[in-house]
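One structure is given below, encoded as structure tokens.
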Amino acid sequence: MSKPHTLFIADLHLAADRPDITQAFLRFLSEKAISAQALYILGDLFEVWIGDDNPEPLLAEVADALKVLSNQGVALYFIHGNRDFFLRKAYADRCGMTLLPPSKVIDLYGTPTLIMHGDSLCTLDIAYQKFRKWWDQPWWQWLMLKMPLWYRQRLARKARARSAKHKQQYKQQAQPQIMDVTPDEVPRVMAAAGVLKLIHGHTHRPAVHQVNVNGATGERYVLGDWYTQSSYLTVSAENWQLHFANLAD
């Protein structure tokens with residue numbers, strides 16, 4: 001029997017045109033997550049989310065698989081990302097997931113740990129932060145969800161195109177650091193939360209970084225995306241480990 005442990009994932013970007021990622025995720029749930037005490041999904045589970053009323057079969061397939069896991073006693077938690085911030089309680093209930101606030105301190109086997117999606121740490125990306133401040137308004141989200149489904153689908157396509165153009169511009173300008181976390185923001189946020197451990201996604205740059213938090217050594221665990229490999233973090237009382245595997249494994 002495996003030791004008690006908790007799993008963390010982010011940035012799967014599930015989409016109908018990437019069935020390989022979906023299948024990798026379903027295997028992960030049935031083969032890896034089934035033995036965990038809890039699974040935390042730290043945003044961007046889906047490539048785009050236009051509302052809980054979307055009839056796309058992928059949404060039902062994922063919800064059914066997560067519900068099976070929940071029924072087996074694995075606690076499921078979800079933090080919104082910048083791609084699925086419209087996801088609401090109706091869908092979370094279908095999955096057996098608990099929705100969490102944008103950032104939260106949890107107890108991981110005696111270690112206070114801050115978890116978040118991670119986009120709020122990228123303060124140098126001024127254009128993105130302006131957009132984030134806008135769509136984070138409850139009234140704007142309420143208004144968008146009242147729009148017809150076809151209209152939200154069209155907006156989603158435009159948003160994906162705009163996001164790809166945004167990333168390409170920074171690459172061409174040789175400024176990829178703008179899309180990474182701001183170095184000074186990380187210790188500030190960790191100090192404010194009173195933690196020496198931080199777990200997040202969003203940047204697609206999986207790694208473990210040491211962080212100086214008011215003179216103490218902390219650690220920042222960055223989850224990887226699932227575009228080319230499956231990536232997850234396992235945390236137990238004795239060990240914290242990032243894992244990577246080919247999508248076909």
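Each chain in the structure tokens gets a letter, A, B, ..., in the order shown, and its residues are numbered from 1; ligands are numbered from 1 in order too.
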Among segment 186-224 of chain A, which residues does DSSP mark as helix (DSSP H, G or I) when it is run on the backbone? Keep the chain and numbering as in the structure and answer as a PyMOL selection string.
chain A and resi 186-193
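If you look at atom CA of Ser231 of chain A and atom CA of Phe46 of chain A, they are 15.1 Å away from each other.
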So that I can see what lies close to Leu14 of chain A, please list as a PyMOL selection string the residues with an atom at most 10 Å from it, counting only C-alpha atoms and leaving out residues fewer than 6 positions away in the same chain.
chain A and resi 20-23+25+44-49+58-59+62+226-227
Write the residues of the preceding selection, restricted to N, CA, C and O atoms, as a PDB file, in the first residue's frame.
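Full text of selection_37.pdb as output:
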ATOM      1  N   ASP A  20      -5.214  12.988 -27.393  1.00  0.00           N
ATOM      2  CA  ASP A  20      -4.098  12.322 -26.727  1.00  0.00           C
ATOM      3  C   ASP A  20      -3.922  12.844 -25.299  1.00  0.00           C
ATOM      4  O   ASP A  20      -3.606  12.077 -24.382  1.00  0.00           O
ATOM      5  N   ILE A  21      -4.133  14.150 -25.108  1.00  0.00           N
ATOM      6  CA  ILE A  21      -4.014  14.704 -23.758  1.00  0.00           C
ATOM      7  C   ILE A  21      -5.156  14.193 -22.884  1.00  0.00           C
ATOM      8  O   ILE A  21      -4.947  13.835 -21.716  1.00  0.00           O
ATOM      9  N   THR A  22      -6.346  14.145 -23.447  1.00  0.00           N
ATOM     10  CA  THR A  22      -7.496  13.642 -22.689  1.00  0.00           C
ATOM     11  C   THR A  22      -7.267  12.210 -22.240  1.00  0.00           C
ATOM     12  O   THR A  22      -7.515  11.860 -21.074  1.00  0.00           O
ATOM     13  N   GLN A  23      -6.776  11.369 -23.142  1.00  0.00           N
ATOM     14  CA  GLN A  23      -6.533   9.975 -22.781  1.00  0.00           C
ATOM     15  C   GLN A  23      -5.435   9.850 -21.731  1.00  0.00           C
ATOM     16  O   GLN A  23      -5.524   9.012 -20.819  1.00  0.00           O
ATOM     17  N   PHE A  25      -4.814  12.049 -19.456  1.00  0.00           N
ATOM     18  CA  PHE A  25      -5.425  12.497 -18.215  1.00  0.00           C
ATOM     19  C   PHE A  25      -6.305  11.404 -17.606  1.00  0.00           C
ATOM     20  O   PHE A  25      -6.263  11.159 -16.389  1.00  0.00           O
ATOM     21  N   ASP A  44      -6.542  25.941 -15.627  1.00  0.00           N
ATOM     22  CA  ASP A  44      -6.366  25.597 -17.043  1.00  0.00           C
ATOM     23  C   ASP A  44      -6.468  24.093 -17.281  1.00  0.00           C
ATOM     24  O   ASP A  44      -5.693  23.513 -18.046  1.00  0.00           O
ATOM     25  N   LEU A  45      -7.439  23.486 -16.626  1.00  0.00           N
ATOM     26  CA  LEU A  45      -7.740  22.089 -16.933  1.00  0.00           C
ATOM     27  C   LEU A  45      -8.192  21.979 -18.378  1.00  0.00           C
ATOM     28  O   LEU A  45      -7.850  21.033 -19.080  1.00  0.00           O
ATOM     29  N   PHE A  46      -8.952  22.981 -18.829  1.00  0.00           N
ATOM     30  CA  PHE A  46      -9.428  23.014 -20.207  1.00  0.00           C
ATOM     31  C   PHE A  46      -8.751  24.140 -20.987  1.00  0.00           C
ATOM     32  O   PHE A  46      -8.366  25.159 -20.416  1.00  0.00           O
ATOM     33  N   GLU A  47      -8.633  23.947 -22.279  1.00  0.00           N
ATOM     34  CA  GLU A  47      -8.049  24.967 -23.150  1.00  0.00           C
ATOM     35  C   GLU A  47      -8.905  26.229 -23.146  1.00  0.00           C
ATOM     36  O   GLU A  47      -8.392  27.353 -23.190  1.00  0.00           O
ATOM     37  N   VAL A  48     -10.198  26.030 -23.091  1.00  0.00           N
ATOM     38  CA  VAL A  48     -11.112  27.175 -23.004  1.00  0.00           C
ATOM     39  C   VAL A  48     -12.398  26.682 -22.345  1.00  0.00           C
ATOM     40  O   VAL A  48     -12.775  25.506 -22.484  1.00  0.00           O
ATOM     41  N   TRP A  49     -13.037  27.570 -21.592  1.00  0.00           N
ATOM     42  CA  TRP A  49     -14.295  27.217 -20.938  1.00  0.00           C
ATOM     43  C   TRP A  49     -15.289  28.331 -21.197  1.00  0.00           C
ATOM     44  O   TRP A  49     -15.080  29.467 -20.784  1.00  0.00           O
ATOM     45  N   LEU A  58     -16.643  16.181 -24.547  1.00  0.00           N
ATOM     46  CA  LEU A  58     -15.426  16.137 -23.736  1.00  0.00           C
ATOM     47  C   LEU A  58     -15.706  16.515 -22.290  1.00  0.00           C
ATOM     48  O   LEU A  58     -15.165  15.916 -21.355  1.00  0.00           O
ATOM     49  N   LEU A  59     -16.571  17.508 -22.089  1.00  0.00           N
ATOM     50  CA  LEU A  59     -16.857  17.985 -20.739  1.00  0.00           C
ATOM     51  C   LEU A  59     -17.520  16.902 -19.901  1.00  0.00           C
ATOM     52  O   LEU A  59     -17.197  16.712 -18.723  1.00  0.00           O
ATOM     53  N   VAL A  62     -14.899  14.074 -19.030  1.00  0.00           N
ATOM     54  CA  VAL A  62     -14.005  14.453 -17.939  1.00  0.00           C
ATOM     55  C   VAL A  62     -14.757  14.466 -16.608  1.00  0.00           C
ATOM     56  O   VAL A  62     -14.255  13.981 -15.584  1.00  0.00           O
ATOM     57  N   TRP A 226       0.702  20.048 -20.215  1.00  0.00           N
ATOM     58  CA  TRP A 226       0.540  18.694 -20.747  1.00  0.00           C
ATOM     59  C   TRP A 226       0.526  18.678 -22.267  1.00  0.00           C
ATOM     60  O   TRP A 226      -0.005  17.752 -22.880  1.00  0.00           O
ATOM     61  N   TYR A 227       1.088  19.659 -22.921  1.00  0.00           N
ATOM     62  CA  TYR A 227       1.083  19.688 -24.387  1.00  0.00           C
ATOM     63  C   TYR A 227       1.893  18.540 -24.981  1.00  0.00           C
ATOM     64  O   TYR A 227       1.510  17.947 -25.992  1.00  0.00           O
TER      65      TYR A 227
END
Determine, counting only C-alpha atoms, which protein, DNA and RNA residues have an atom within 9 Å of an atom of segment 113-125 of chain A; residues of the same chain fewer than 3 positions away are not included. Present the result as a PyMOL selection string.
chain A and resi 10-11+41-44+79-82+101-108+128-130+132+177-183+185-186+189-190+193-203+222
Nearest residue to Val211 of chain A out of A:Arg188, A:Leu155, A:Leu66, A:Gln229, using only C-alpha atoms?
A:Arg188
